[in-house]
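Asks: Dumping the structure here so I can ask a few things about it.
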Amino acid sequence: MRVSVSWLREYVDLPADLPAGDLEQALVDLGIEVESIVDLRETVTGPLVVGEVLEIEELTGFKKPIRFCRVDVGAANGTGEPQEIVCGARNFAPGDRVVVILPGGVLPGNFAIGARKTYGRNSHGMICSAKELGLGDDHSGIIVLPEDTPAKPGDDARPVVGLDDVVVEMEITPDRGYALSVRGIARELSHALGVAFRDPADAPAPGATAEPAYPVQVRDTVGCDRFAARMVRGVDPTVETPGWMRQRLTVAGIRSISLPVDITNYLMLELGQPMHAFDADRISGPLVVRRAEPGEKLTTLDGVTRTLVAEDMVICDDTGPISLAAVMGGETSEVVASTTNVLFEAAHWDPAMVGRTARRHKLFSEAAKRWERGVDPAIALVALEKAVRLLTEHAGGTVGEEILDIDHVRPRTPVTLPADLPSRRVGVAYSTERVVELLEQVGCTVTRGTDRLGEDPGEVGVSAGGAEVLGVSPPSWRPDLTDPADLVEEVVRLDGYDRVPSELPTAPPGRGLTWRQQRQRAVARSLAEHGYVEVLAHPFVAPELADQLGLPAGDPRRPAVRVANPLSEEQPLLRTTLLGPLLGILKRNIARGQRDVAIYEIGTVFHPRPGVGAPPAMGVDRRPTDEEFAAADAVVPDQPRHVAVALAGEIEPAGWWGAGRAAGWADAVEAGRAVLAAAGIPADQVTVRAAERAPWHPGRCAELLVDGAAVGYAGELHPAVVATLELPRRTSVMELNLDALPAAALMAGPAISTFPPALIDVALVVDESVPAVEVERALVEGAGDLLEGVRLFDVYASEQLGAGRKSLAYKLTFRAPDRTLTVEEAVAARDAAVALVAERFGATLRGA
């Protein structure tokens with residue numbers, strides 16, 4: 001939020017000589033993050049004066065309209081003669097007063113102004129726009145001063161355009177919606193500096209009348225618990241917004257539109273109450289406030305036609321929705337250039353509803369930003385009174401005597417606070433009197449009891465431990481104060497965070513990382529060493545992902561947990577597999593020109609526990625019991641940790657060194673083996689076999705087993721999945737459940753023999769359906785203890801071998817720990833290995 005210090009001074013008595021640094025420190029001490037404090041007087045240096053346009057000559061022959069102007073700048077140029085200036089803007093005419101920076105001046109961005117020849121004419125200075133002066137983003141035309149501006153040509157223009165002020169820009173946290181207003185910031189500064197505060201909402205405002213300002217029906221009093229309105233008839237639609245109001249809106253980053261609309265924006269900034277102005281003549285019939293019908297359409301003020309859902313709140317007339325409540329108005333009822341009858345609306349909307357609607361439609365308006373953080377429900381009538389008075393003061397018209405106020409706001413529930421709770425929580429001694437004083441500064445009403453505390457949790461008295469208990473009623477503008485912890489925070493904040501001791505607790509002794517953490521790091525390191533790049537995906541997925549991956553009915557990965565308040569309505573579910581988000585990242589990288597991609601992710605997936613019921617309600621006033629923890633944990637979804645990889649393109653790039661190699665299903669299987677090895681699983685416990693499982697290709701899918709239990713799958717994606725997700729052909733993936741792996745056994749160091757090995761190669765001819773891994777397992781079993789290593793180095797098929805046959809060539813390494821093997825011993829071990837393969841698979845030695 002951006003606000004000028006001069007506006008704040010209207011409601012808080014800031015010291016006249018308050019340095020910018022002290023102002024910033026006061027806000028920071030209150031927990032408000034200050035983005036910047038800018039003294040506008042220092043942003044533009046040199047002569048910046050008011051000028052009056054005397055003559056305009058239109059220059060032709062250029063690609064864009066250019067005007068040669070003679071401007072009266074008084075004696076500011078030292079000669080008193082009119083200043084010659086070339087300008088491209090067209091929103092001014094002779095007789096208008098404008099803002100001129102003369103040669104020697106410097107605009108924001110260190111843009112120096114000098115005399116130069118341009119478009120064939122000499123130009124001495126510049127006629128300025130709001131953007132060039134750093135007052136806003138409007139660059140469509142230069143600043144034309146209102147006719148009632150008292151400044152004359154040659155006068156300093158800084159006070160006229162607001163460059164004699166200080167602007168504070170703050171980042172307001174979501175729990176402090178009240179601070180998104182001049183009212184809220186001024187109140188906070190009065191606490192920090194100990195100065196007087198005048199509440200702009202503390203003004204008389206008439207209440208509801210028997211006859212409403214306009215017929216309105218509120219059908220949903222939860223989504224809208226207050227709706228107030230007033231009418232002004234016969235306003236002059238040609239009247240412009242006064243300069244002082246336009247200036248404050250510009251500083252806040254809001255574009256001036258028209259007087260009625262500008263008034264609503266001005267009061268939103270001042271009071272924190274978003275409002276809306278309707279053209280009463282463009283409304284057809286009574287207004288109805290209700291939830292939208294699914295599929296209803298509304299064209300909002302930005303020109304976008306939006307499809308509504310049942311949770312959206314709308315304001316309707318006889319033609320249907322005319323406003324997306326609390327977010328943005330509709331085109332059919334907006335104030336236009338001919339509007340003479342204005343209906344002002346000030347309501348109070350459900351923050352959760354507004355937040356979801358704004359995110360669903362991607363409409364993050366200034367009003368929605370305030371509604372979802374909480375707005376004071378008690379100031380609707382005050383805002384309306386100020387709005388109608390401002391409009392009639394500047395544009396004439398008659399204020400209607402009728403006032404509508406449909407009020408269903410529920411009273412706040414008092415919060416019970418042990419007086420010693422702030423001291424116990426923070427470690428600073430706060431007396432009961434100090435706690436009461438600080439809470440009353442915030443605006444709370446505090447009741448101190450004298451009797452012992454009974455069974456009613458809202459009863460005020462004395463706690464069982466003897467400490468006094470306070471009954472605290474938060475003010476209407478602080479919807480964030482709902483629990484004792486919130487009140488403790490306010491006490492600490494106003495008393496000063498600097499009083500809280502910053503002593504770090506002694507770290508308890510430990511053994512470093514757990515074995516699961518060590519395993520995860522080892523797996524990540526192994527995949528990175530194999531060329532994979534780690535990614536972190538959002539765990540949210542769309543409901544149609546299960547169909548896109550081809551998961552069959554009854555698959556345990558189909559049921560998913562729905563998030564109660566999703567970031568996006570398009571992705572409201574928690575993932576049950578890493579593959580969906582991972583393949584989305586793969587697709588995005590390929591779409592951005594990355595041809596060869598190998599990525600991995602280690603993260604949790606979420607499997608619901610059906611039939612477990614709802615979690616118990618747990619407050620923040622005490623530590624939950626072990627039973628409450630257990631009951632809550634029973635409802636939490638099962639969250640095993642998985643690892644997944646995805647590959648597309650070339651795994652080995654081509655170049656002058658030779659042909660490359662495309663990534664395939666075998667690389668995904670090898671990634672699974674690498675993960676198991678890094679996790680400390682011995683190779684003899686790992687089995688890899690053919691399998692069928694969605695979303696893998698049925699003929700190119702491998703199942704990874706540890707001690708006979710499936711822990712993951714790897715291979716090439718099914719062609720239908722590849723086509724649905726628009727992925728490259730032959731895209732391969734692997735997913736493995738890390739939590740399903742047993743803990744790695746304590747490994748003894750291997751015995752290293754100093755005797756030479758015996759190296760023997762064998763080529764075995766088997767049916768092409770026989771897996772190479774099964775042949776390898778038979779070789780190991782048949783060779784016995786003398787076999788040190790076996791590696792497949794060639795796969796060969798030809799007509800000479802026969803149809804349906806293939807040759808598997810293995811390198812066998814034999815070694816004894818205590819002697820040099822003889823040829824006879826090595827050959828005997830080889831023959832035993834070959835014999836077992838022949839027995840199991842009908843293998844024959846190639847060439848035998």
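Convention: chains lettered A, B, ... in structure tokens order; per-chain residue numbering from 1; ligands numbered from 1 as shown.
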Enumerate, as a ChimeraX atom specification, the complete set of residues in segment 392-449 of chain A that a backbone-based DSSP assignment places in alpha helix (DSSP H).
Replies: /A:392-395,421-426,432-442
Asks: So that each row is one residue of segment 485-591 of chain A with an atom at most 8 Å from segment 660-677 of chain A, can you give its shortest atom pair and the distance in Å to one decimal, using only C-alpha atoms, rows by chain and rising number, as a Markdown table?
Replies:
```
| residue | atom | partner | partner_atom | distance |
| --- | --- | --- | --- | --- |
| A:Val523 | CA | A:Val675 | CA | 5.5 |
| A:Ser526 | CA | A:Ala674 | CA | 6.9 |
| A:Leu527 | CA | A:Ala671 | CA | 7.3 |
```
Asks: For Val354 of chain A, which residue among A:Pro294, A:Gly285, A:Gly223, A:Pro508 is the nearest when counting only C-alpha atoms?
Replies: A:Gly223
Asks: Give me, please, the distance in Å between atom CA of Leu487 of chain A and atom CA of Leu439 of chain A, quoted to one decimal.
Replies: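 Atom CA of Leu439 of chain A lies 7.5 Å from atom CA of Leu487 of chain A.
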Asks: What are the DSSP strand (DSSP E) residues of segment 339-544 of chain A, as a VMD selection string?
Replies: chain A and resid 342 to 349 398 to 399 404 to 407 415 to 418 445 to 448 469 to 473 533 to 534 540 to 541
